[in-house]
$ cat run02.pdb   # PDB, C-alpha atoms (C1' of nucleotides)
ATOM      1  CA  MET I   9      93.219  73.043  86.781
ATOM      2  CA  ALA I  10      92.248  72.655  90.396
ATOM      3  CA  ARG I  11      93.683  69.720  92.260
ATOM      4  CA  GLN I  12      92.442  67.581  95.093
ATOM      5  CA  THR I  13      94.846  67.888  97.987
ATOM      6  CA  LEU I  14      94.815  66.370 101.429
ATOM      7  CA  GLN I  15      94.646  69.864 102.872
ATOM      8  CA  ARG I  16      91.663  70.908 100.816
ATOM      9  CA  ARG I  17      89.793  67.771 101.698
ATOM     10  CA  ALA I  18      90.528  68.127 105.403
ATOM     11  CA  ILE I  19      89.374  71.748 105.386
ATOM     12  CA  LEU I  20      86.117  70.981 103.624
ATOM     13  CA  GLN I  21      85.523  68.004 105.864
ATOM     14  CA  ALA I  22      86.024  70.108 108.989
ATOM     15  CA  LEU I  23      83.272  72.426 107.775
ATOM     16  CA  LEU I  24      80.966  69.568 106.815
ATOM     17  CA  GLU I  25      81.256  67.942 110.215
ATOM     18  CA  ALA I  26      80.869  71.103 112.280
ATOM     19  CA  PRO I  27      77.557  71.913 113.975
ATOM     20  CA  GLY I  28      77.712  75.445 112.646
ATOM     21  CA  PRO I  29      79.901  77.947 110.801
ATOM     22  CA  LEU I  30      83.579  78.010 111.761
ATOM     23  CA  THR I  31      86.150  80.763 111.867
ATOM     24  CA  PRO I  32      89.348  80.266 109.839
ATOM     25  CA  GLN I  33      91.153  79.641 113.141
ATOM     26  CA  GLN I  34      88.667  76.953 114.108
ATOM     27  CA  VAL I  35      88.946  75.335 110.706
ATOM     28  CA  TRP I  36      92.684  75.337 111.166
ATOM     29  CA  LEU I  37      92.512  73.739 114.618
ATOM     30  CA  GLN I  38      90.039  71.161 113.450
ATOM     31  CA  ALA I  39      91.726  70.221 110.199
ATOM     32  CA  SER I  40      95.128  70.149 111.885
ATOM     33  CA  GLN I  41      94.000  67.092 113.786
ATOM     34  CA  GLN I  42      94.071  65.190 110.515
ATOM     35  CA  LEU I  43      97.093  66.918 109.096
ATOM     36  CA  GLU I  44      99.323  68.288 111.780
ATOM     37  CA  SER I  45     101.576  70.384 109.585
ATOM     38  CA  LEU I  46      98.708  72.360 108.036
ATOM     39  CA  GLY I  47      99.531  76.053 107.647
ATOM     40  CA  LEU I  48      97.079  78.824 108.430
ATOM     41  CA  ALA I  49      97.759  80.488 105.076
ATOM     42  CA  THR I  50      96.667  77.283 103.398
ATOM     43  CA  VAL I  51      93.420  77.413 105.289
ATOM     44  CA  TYR I  52      92.760  80.955 104.095
ATOM     45  CA  ARG I  53      93.714  80.096 100.537
ATOM     46  CA  ASN I  54      91.389  77.126 100.488
ATOM     47  CA  LEU I  55      88.519  78.937 102.107
ATOM     48  CA  SER I  56      88.743  81.532  99.339
ATOM     49  CA  PHE I  57      89.027  78.825  96.750
ATOM     50  CA  LEU I  58      86.104  76.808  98.065
ATOM     51  CA  GLU I  59      84.021  79.943  98.270
ATOM     52  CA  SER I  60      84.835  80.852  94.665
ATOM     53  CA  GLN I  61      83.797  77.341  93.672
ATOM     54  CA  GLY I  62      80.502  77.796  95.447
ATOM     55  CA  GLU I  63      81.154  74.934  97.848
ATOM     56  CA  ILE I  64      81.097  77.071 100.970
ATOM     57  CA  VAL I  65      79.598  80.421 101.900
ATOM     58  CA  PRO I  66      80.735  83.154 104.274
ATOM     59  CA  VAL I  67      78.679  83.811 107.399
ATOM     60  CA  HIS I  68      78.778  87.136 109.216
ATOM     61  CA  LEU I  69      77.674  87.323 112.806
ATOM     62  CA  PRO I  70      77.540  90.452 114.951
ATOM     63  CA  GLY I  71      80.899  91.436 116.388
ATOM     64  CA  GLU I  72      82.838  88.631 114.806
ATOM     65  CA  GLY I  73      85.031  88.028 111.816
ATOM     66  CA  THR I  74      83.958  85.968 108.832
ATOM     67  CA  ARG I  75      82.980  82.363 109.373
ATOM     68  CA  PHE I  76      82.266  79.739 106.741
ATOM     69  CA  GLU I  77      79.812  76.919 106.312
ATOM     70  CA  PRO I  78      79.016  74.489 103.501
ATOM     71  CA  ALA I  79      76.795  75.963 100.793
ATOM     72  CA  GLY I  80      73.346  74.740  99.917
ATOM     73  CA  ARG I  81      71.831  74.508 103.347
ATOM     74  CA  GLY I  82      69.038  76.948 102.576
ATOM     75  CA  HIS I  83      67.717  79.773 104.702
ATOM     76  CA  HIS I  84      68.511  79.345 108.367
ATOM     77  CA  HIS I  85      69.865  81.239 111.346
ATOM     78  CA  HIS I  86      72.408  80.681 114.065
ATOM     79  CA  PHE I  87      72.592  80.220 117.770
ATOM     80  CA  CYS I  88      75.631  81.513 119.674
ATOM     81  CA  CYS I  89      76.259  79.809 122.973
ATOM     82  CA  GLU I  90      77.520  82.294 125.530
ATOM     83  CA  GLY I  91      79.045  79.487 127.550
ATOM     84  CA  CYS I  92      81.265  77.614 125.114
ATOM     85  CA  GLU I  93      81.253  80.351 122.465
ATOM     86  CA  ASN I  94      80.269  77.846 119.813
ATOM     87  CA  VAL I  95      77.936  78.719 117.007
ATOM     88  CA  PHE I  96      75.232  76.277 115.925
ATOM     89  CA  GLU I  97      73.133  76.132 112.841
ATOM     90  CA  LEU I  98      69.400  76.138 113.530
ATOM     91  CA  ASP I  99      66.933  74.330 111.354
ATOM     92  CA  ALA I 100      63.887  75.692 113.131
ATOM     93  CA  SER I 101      61.532  77.540 110.833
ATOM     94  CA  CYS I 102      62.328  81.210 110.465
ATOM     95  CA  PRO I 103      60.167  83.480 112.627
ATOM     96  CA  VAL I 104      60.994  86.520 110.526
ATOM     97  CA  ALA I 105      60.079  85.139 107.131
ATOM     98  CA  VAL I 106      56.885  87.195 107.153
ATOM     99  CA  LEU I 107      59.009  90.327 106.895
ATOM    100  CA  GLU I 108      60.412  89.518 103.479
ATOM    101  CA  GLY I 109      59.174  92.037 100.950
ATOM    102  CA  VAL I 110      57.457  94.181 103.559
ATOM    103  CA  THR I 111      57.961  97.937 103.639
ATOM    104  CA  LEU I 112      58.128  99.330 107.146
ATOM    105  CA  PRO I 113      56.868 102.734 108.297
ATOM    106  CA  GLY I 114      59.583 105.161 107.278
ATOM    107  CA  GLY I 115      59.809 103.572 103.836
ATOM    108  CA  PHE I 116      62.283 100.812 104.617
ATOM    109  CA  ALA I 117      61.841  98.113 101.988
ATOM    110  CA  ILE I 118      63.033  94.824 103.431
ATOM    111  CA  LYS I 119      64.973  92.541 101.117
ATOM    112  CA  HIS I 120      66.475  90.070 103.563
ATOM    113  CA  HIS I 121      67.530  89.742 107.160
ATOM    114  CA  GLU I 122      69.945  88.267 109.645
ATOM    115  CA  LEU I 123      68.813  86.818 112.929
ATOM    116  CA  THR I 124      71.206  85.589 115.581
ATOM    117  CA  LEU I 125      70.041  83.995 118.802
ATOM    118  CA  TYR I 126      72.099  83.999 121.990
ATOM    119  CA  GLY I 127      71.881  81.848 125.079
ATOM    120  CA  LEU I 128      73.198  78.549 126.386
ATOM    121  CA  CYS I 129      73.446  75.306 124.486
ATOM    122  CA  SER I 130      72.320  72.110 126.173
ATOM    123  CA  SER I 131      75.796  71.144 127.421
ATOM    124  CA  CYS I 132      76.339  74.570 128.947
ATOM    125  CA  GLN I 133      73.109  74.628 130.939
ATOM    126  CA  ASP I 134      74.471  72.406 133.734
TER     127      ASP I 134
ATOM    128  CA  MET O 220      86.816 114.326 137.825
ATOM    129  CA  ALA O 221      85.360 114.223 134.380
ATOM    130  CA  ARG O 222      85.119 117.499 132.506
ATOM    131  CA  GLN O 223      82.773 118.868 129.937
ATOM    132  CA  THR O 224      84.688 119.620 126.772
ATOM    133  CA  LEU O 225      83.599 120.943 123.427
ATOM    134  CA  GLN O 226      84.843 117.740 121.852
ATOM    135  CA  ARG O 227      82.902 115.464 124.165
ATOM    136  CA  ARG O 228      79.747 117.434 123.615
ATOM    137  CA  ALA O 229      80.135 117.415 119.840
ATOM    138  CA  ILE O 230      80.702 113.649 119.840
ATOM    139  CA  LEU O 231      77.673 112.925 121.981
ATOM    140  CA  GLN O 232      75.563 115.296 119.950
ATOM    141  CA  ALA O 233      76.566 113.606 116.707
ATOM    142  CA  LEU O 234      75.272 110.322 118.128
ATOM    143  CA  LEU O 235      72.083 111.879 119.454
ATOM    144  CA  GLU O 236      71.222 113.416 116.110
ATOM    145  CA  ALA O 237      72.011 110.394 113.988
ATOM    146  CA  PRO O 238      69.208 108.187 112.641
ATOM    147  CA  GLY O 239      71.064 105.100 113.803
ATOM    148  CA  PRO O 240      74.326 103.846 115.277
ATOM    149  CA  LEU O 241      77.518 105.392 113.911
ATOM    150  CA  THR O 242      81.010 104.048 113.399
ATOM    151  CA  PRO O 243      83.887 105.928 115.056
ATOM    152  CA  GLN O 244      84.822 107.245 111.606
ATOM    153  CA  GLN O 245      81.317 108.543 111.040
ATOM    154  CA  VAL O 246      81.258 110.167 114.455
ATOM    155  CA  TRP O 247      84.529 111.818 113.578
ATOM    156  CA  LEU O 248      83.265 113.127 110.231
ATOM    157  CA  GLN O 249      80.062 114.361 111.782
ATOM    158  CA  ALA O 250      81.543 115.999 114.863
ATOM    159  CA  SER O 251      84.331 117.560 112.803
ATOM    160  CA  GLN O 252      81.748 119.774 111.182
ATOM    161  CA  GLN O 253      81.351 121.545 114.500
ATOM    162  CA  LEU O 254      84.973 121.362 115.507
ATOM    163  CA  GLU O 255      87.249 121.102 112.534
ATOM    164  CA  SER O 256      90.433 120.256 114.394
ATOM    165  CA  LEU O 257      88.958 117.216 116.135
ATOM    166  CA  GLY O 258      91.363 114.289 116.276
ATOM    167  CA  LEU O 259      90.335 110.712 115.650
ATOM    168  CA  ALA O 260      92.060 109.566 118.835
ATOM    169  CA  THR O 261      89.860 111.969 120.763
ATOM    170  CA  VAL O 262      86.815 110.364 119.236
ATOM    171  CA  TYR O 263      87.934 106.915 120.360
ATOM    172  CA  ARG O 264      88.825 108.162 123.841
ATOM    173  CA  ASN O 265      85.442 109.768 124.250
ATOM    174  CA  LEU O 266      83.500 106.852 122.880
ATOM    175  CA  SER O 267      85.163 104.660 125.505
ATOM    176  CA  PHE O 268      84.548 107.244 128.161
ATOM    177  CA  LEU O 269      80.903 107.754 127.272
ATOM    178  CA  GLU O 270      80.393 104.019 127.173
ATOM    179  CA  SER O 271      81.956 103.601 130.626
ATOM    180  CA  GLN O 272      79.598 106.306 131.878
ATOM    181  CA  GLY O 273      76.657 104.439 130.444
ATOM    182  CA  GLU O 274      75.700 107.261 128.124
ATOM    183  CA  ILE O 275      76.202 105.297 124.940
ATOM    184  CA  VAL O 276      76.195 101.620 124.062
ATOM    185  CA  PRO O 277      78.120  99.627 121.468
ATOM    186  CA  VAL O 278      76.190  98.098 118.577
ATOM    187  CA  HIS O 279      77.492  95.121 116.662
ATOM    188  CA  LEU O 280      76.138  94.391 113.217
ATOM    189  CA  PRO O 281      77.092  91.455 111.012
ATOM    190  CA  GLY O 282      80.334  91.995 109.164
ATOM    191  CA  GLU O 283      81.042  95.426 110.564
ATOM    192  CA  GLY O 284      83.128  97.012 113.270
ATOM    193  CA  THR O 285      81.653  98.435 116.443
ATOM    194  CA  ARG O 286      79.159 101.251 116.172
ATOM    195  CA  PHE O 287      77.696 103.342 118.978
ATOM    196  CA  GLU O 288      74.328 104.802 119.799
ATOM    197  CA  PRO O 289      72.909 106.690 122.790
ATOM    198  CA  ALA O 290      71.897 104.433 125.674
ATOM    199  CA  GLY O 291      68.374 104.076 126.983
ATOM    200  CA  ARG O 292      66.526 103.582 123.763
ATOM    201  CA  GLY O 293      65.153 100.206 124.766
ATOM    202  CA  HIS O 294      64.918  97.050 122.708
ATOM    203  CA  HIS O 295      65.018  97.706 118.984
ATOM    204  CA  HIS O 296      66.685  96.522 115.818
ATOM    205  CA  HIS O 297      68.409  98.051 112.846
ATOM    206  CA  PHE O 298      67.920  98.470 109.154
ATOM    207  CA  CYS O 299      70.958  98.584 106.876
ATOM    208  CA  CYS O 300      70.372 100.311 103.562
ATOM    209  CA  GLU O 301      72.249  98.553 100.796
ATOM    210  CA  GLY O 302      72.144 101.707  98.704
ATOM    211  CA  CYS O 303      73.609 104.420 100.908
ATOM    212  CA  GLU O 304      75.123 102.010 103.447
ATOM    213  CA  ASN O 305      73.484 103.914 106.285
ATOM    214  CA  VAL O 306      72.141 102.159 109.326
ATOM    215  CA  PHE O 307      68.796 103.204 110.803
ATOM    216  CA  GLU O 308      67.224 102.489 114.119
ATOM    217  CA  LEU O 309      63.808 100.863 113.864
ATOM    218  CA  ASP O 310      61.081 101.499 116.386
ATOM    219  CA  ALA O 311      58.708  98.947 114.946
ATOM    220  CA  SER O 312      57.660  96.305 117.435
ATOM    221  CA  CYS O 313      59.998  93.356 117.575
ATOM    222  CA  PRO O 314      58.790  90.314 115.611
ATOM    223  CA  VAL O 315      61.082  87.991 117.530
ATOM    224  CA  ALA O 316      60.090  88.961 121.058
ATOM    225  CA  VAL O 317      58.134  85.725 121.387
ATOM    226  CA  LEU O 318      61.394  83.819 121.307
ATOM    227  CA  GLU O 319      62.729  85.262 124.545
ATOM    228  CA  GLY O 320      62.999  82.521 127.140
ATOM    229  CA  VAL O 321      62.076  79.777 124.717
ATOM    230  CA  THR O 322      64.141  76.602 124.484
ATOM    231  CA  LEU O 323      64.456  75.294 120.944
ATOM    232  CA  PRO O 324      64.671  71.646 119.892
ATOM    233  CA  GLY O 325      68.260  70.663 120.493
ATOM    234  CA  GLY O 326      68.205  72.295 123.922
ATOM    235  CA  PHE O 327      69.135  75.831 122.907
ATOM    236  CA  ALA O 328      67.899  78.162 125.641
ATOM    237  CA  ILE O 329      67.351  81.592 124.136
ATOM    238  CA  LYS O 330      68.381  84.565 126.250
ATOM    239  CA  HIS O 331      68.365  87.360 123.703
ATOM    240  CA  HIS O 332      68.736  87.984 120.008
ATOM    241  CA  GLU O 333      69.968  90.285 117.303
ATOM    242  CA  LEU O 334      67.943  91.020 114.217
ATOM    243  CA  THR O 335      69.242  93.085 111.328
ATOM    244  CA  LEU O 336      67.140  93.941 108.320
ATOM    245  CA  TYR O 337      68.590  94.750 104.908
ATOM    246  CA  GLY O 338      67.087  96.530 101.944
ATOM    247  CA  LEU O 339      66.669 100.031 100.590
ATOM    248  CA  CYS O 340      65.745 103.115 102.555
ATOM    249  CA  SER O 341      63.128 105.471 101.123
ATOM    250  CA  SER O 342      65.665 107.820  99.497
ATOM    251  CA  CYS O 343      67.437 104.931  97.805
ATOM    252  CA  GLN O 344      64.328 103.443  96.222
ATOM    253  CA  ASP O 345      64.215 106.003  93.392
TER     254      ASP O 345
ATOM    255  C1'  DC X 276     107.108  57.129  85.756
ATOM    256  C1'  DA X 277     108.294  61.886  84.487
ATOM    257  C1'  DC X 278     107.113  66.402  84.044
ATOM    258  C1'  DG X 279     104.661  70.874  84.456
ATOM    259  C1'  DT X 280     102.266  73.341  87.474
ATOM    260  C1'  DA X 281      99.016  73.947  91.219
ATOM    261  C1'  DT X 282      99.687  73.905  95.996
ATOM    262  C1'  DT X 283     101.942  74.042 100.385
ATOM    263  C1'  DG X 284     104.456  75.884 104.655
ATOM    264  C1'  DA X 285     106.636  79.449 107.056
ATOM    265  C1'  DG X 286     107.348  83.704 107.940
ATOM    266  C1'  DA X 287     107.244  88.360 106.364
ATOM    267  C1'  DA X 288     104.249  91.938 104.836
ATOM    268  C1'  DT X 289      99.947  94.401 104.565
ATOM    269  C1'  DG X 290      95.875  97.076 105.754
ATOM    270  C1'  DG X 291      92.679  98.963 108.784
ATOM    271  C1'  DT X 292      91.273  99.923 113.266
ATOM    272  C1'  DT X 293      92.234 101.088 117.841
ATOM    273  C1'  DT X 294      95.508 102.550 121.395
ATOM    274  C1'  DC X 295      99.480 104.894 123.202
ATOM    275  C1'  DT X 296     102.925 108.695 123.947
ATOM    276  C1'  DC X 297     104.083 113.093 124.822
ATOM    277  C1'  DT X 298     103.568 117.891 124.650
ATOM    278  C1'  DT X 299     100.225 121.558 124.677
ATOM    279  C1'  DT X 300      95.717 123.232 125.731
ATOM    280  C1'  DT X 301      91.410 123.475 128.644
ATOM    281  C1'  DT X 302      88.540 123.087 132.334
ATOM    282  C1'  DG X 303      86.694 124.137 136.626
ATOM    283  C1'  DC X 304      87.733 124.663 141.555
ATOM    284  C1'  DT X 305      89.900 128.024 144.894
TER     285       DT X 305
ATOM    286  C1'  DA N  82      93.102 135.050 137.961
ATOM    287  C1'  DG N  83      96.010 130.907 139.232
ATOM    288  C1'  DC N  84      96.691 125.916 139.545
ATOM    289  C1'  DA N  85      96.460 121.049 139.211
ATOM    290  C1'  DA N  86      94.768 117.750 136.575
ATOM    291  C1'  DA N  87      91.859 116.171 132.808
ATOM    292  C1'  DA N  88      91.727 116.212 127.987
ATOM    293  C1'  DA N  89      93.198 117.171 123.258
ATOM    294  C1'  DG N  90      96.073 116.770 118.927
ATOM    295  C1'  DA N  91      99.341 114.505 116.076
ATOM    296  C1'  DG N  92     101.692 110.958 114.883
ATOM    297  C1'  DA N  93     103.830 106.702 116.237
ATOM    298  C1'  DA N  94     102.882 102.180 117.752
ATOM    299  C1'  DA N  95     100.373  98.039 118.630
ATOM    300  C1'  DC N  96      97.053  94.622 117.110
ATOM    301  C1'  DC N  97      94.829  91.144 114.338
ATOM    302  C1'  DA N  98      93.148  89.118 110.578
ATOM    303  C1'  DT N  99      94.298  88.283 106.080
ATOM    304  C1'  DT N 100      97.467  88.144 102.122
ATOM    305  C1'  DC N 101     101.817  87.703  99.923
ATOM    306  C1'  DT N 102     106.507  85.699  98.812
ATOM    307  C1'  DC N 103     109.216  82.092  97.479
ATOM    308  C1'  DA N 104     111.493  77.880  97.773
ATOM    309  C1'  DA N 105     110.033  73.120  98.328
ATOM    310  C1'  DT N 106     106.383  69.611  97.564
ATOM    311  C1'  DA N 107     102.858  66.836  95.540
ATOM    312  C1'  DC N 108      98.910  66.168  92.161
ATOM    313  C1'  DG N 109      97.513  64.055  88.019
ATOM    314  C1'  DT N 110      98.024  64.036  83.014
ATOM    315  C1'  DG N 111     100.623  62.095  79.281
TER     316       DG N 111
END

$ encode --input "run02.pdb" --output "structure tokens"
Amino acid sequence: MARQTLQRRAILQALLEAPGPLTPQQVWLQASQQLESLGLATVYRNLSFLESQGEIVPVHLPGEGTRFEPAGRGHHHHFCCEGCENVFELDASCPVAVLEGVTLPGGFAIKHHELTLYGLCSSCQD
Amino acid sequence: MARQTLQRRAILQALLEAPGPLTPQQVWLQASQQLESLGLATVYRNLSFLESQGEIVPVHLPGEGTRFEPAGRGHHHHFCCEGCENVFELDASCPVAVLEGVTLPGGFAIKHHELTLYGLCSSCQD
DNA sequence: CACGTATTGAGAATGGTTTCTCTTTTTGCT
DNA sequence: AGCAAAAAGAGAAACCATTCTCAATACGTG
């Protein structure tokens, strides 16, 4: 049966405390601050495990590898800061929600969507 | 100076005739129908070349490698069919245009955005 | 507290995409 | 047509993210 390990806790905590989805590398860097000997393979193993348990979900952004964030946060989108390269979760209401279920000219039946906003976060605007 | 080759023409033509951005592999498959001995390395070389010339632009979609489409088509978004896995260019007016230049709560200054729609194309709805 | 086993760390291995190398072929100017 | 240089083809090589291997470690149940 699954065990609670320091590593697993640190990895989940890194994701819970982040302002947005993290890459495996970022999770590693972050969680290593608690547990300096943490191996990258352990991060990958636990991300897969936590995903299979439904505790975290993968996030795909354009031109990037898979990121992860805690599950259960509902429909939302992300903001990528072009200054610090960080990704933030947005809780603003979705401006594209009206498109759900619509069929566009050309016969494209919309099921869901991904919206990613780009710009500068508040700390990078100075 | 740059030369006109059969290969380069076939590659550009494949992109011009496609309904949406293509992956290098897809360009290869498509252009090979005109020129059966076409090498994959030639496709990559020409995609880079055509991009540096400003004739094509890279397109990044969530969870996928780089695709390319002809330049100069203006602001638009893409529809990914979950049936045939094809990507289509949409010319519908952009529902997120109002966000350009807006600053969201939290101080996120929006510069641009990427919107990708998912669903079934007309041929896959049967 | 002891044991069985899930888990870890480290580095090697993998898989897929993109780039490079080197020889041969083409292109387009003279 | 003849040449110099750009470009192509084929396969090897480089890259990166992810996964695997295996001996050593650490949960947590009994």

$ atom_distance --input "run02.pdb" --atom1 "atom CA of O:Glu333" --atom2 "atom CA of I:Thr124"
5.2 Å

$ resolve_selection --input "run02.pdb" --expression "the PyMOL selection byres ((chain O and resi 326) around 9)" --output "MDAnalysis selection string"
(chainID I and resid 128:131 133) or (chainID O and resid 322:325 327:328)

$ write_last_selection --input "run02.pdb" --atoms "C-alpha atoms" --output "PDB file, keeping the file's coordinate frame"
ATOM      1  CA  LEU I 128      73.198  78.549 126.386  1.00  0.00           C
ATOM      2  CA  CYS I 129      73.446  75.306 124.486  1.00  0.00           C
ATOM      3  CA  SER I 130      72.320  72.110 126.173  1.00  0.00           C
ATOM      4  CA  SER I 131      75.796  71.144 127.421  1.00  0.00           C
ATOM      5  CA  GLN I 133      73.109  74.628 130.939  1.00  0.00           C
TER       6      GLN I 133
ATOM      7  CA  THR O 322      64.141  76.602 124.484  1.00  0.00           C
ATOM      8  CA  LEU O 323      64.456  75.294 120.944  1.00  0.00           C
ATOM      9  CA  PRO O 324      64.671  71.646 119.892  1.00  0.00           C
ATOM     10  CA  GLY O 325      68.260  70.663 120.493  1.00  0.00           C
ATOM     11  CA  PHE O 327      69.135  75.831 122.907  1.00  0.00           C
ATOM     12  CA  ALA O 328      67.899  78.162 125.641  1.00  0.00           C
TER      13      ALA O 328
END

$ atom_distance --input "run02.pdb" --atom1 "atom CA of O:Pro277" --atom2 "atom CA of I:Gly71"
10.0 Å

$ interface_residues --input "run02.pdb" --of "chain N" --to "chain O" --cutoff "12 Å" --atoms "all atoms listed in the file" --output "PDB file with C-alpha atoms (C1' of nucleotides), keeping the file's coordinate frame"
ATOM      1  C1'  DA N  85      96.460 121.049 139.211  1.00  0.00           C
ATOM      2  C1'  DA N  86      94.768 117.750 136.575  1.00  0.00           C
ATOM      3  C1'  DA N  87      91.859 116.171 132.808  1.00  0.00           C
ATOM      4  C1'  DA N  88      91.727 116.212 127.987  1.00  0.00           C
ATOM      5  C1'  DA N  89      93.198 117.171 123.258  1.00  0.00           C
ATOM      6  C1'  DG N  90      96.073 116.770 118.927  1.00  0.00           C
ATOM      7  C1'  DA N  91      99.341 114.505 116.076  1.00  0.00           C
ATOM      8  C1'  DG N  92     101.692 110.958 114.883  1.00  0.00           C
TER       9       DG N  92
END

$ atom_distance --input "run02.pdb" --atom1 "atom CA of I:Ala79" --atom2 "atom CA of O:Glu319"
29.1 Å
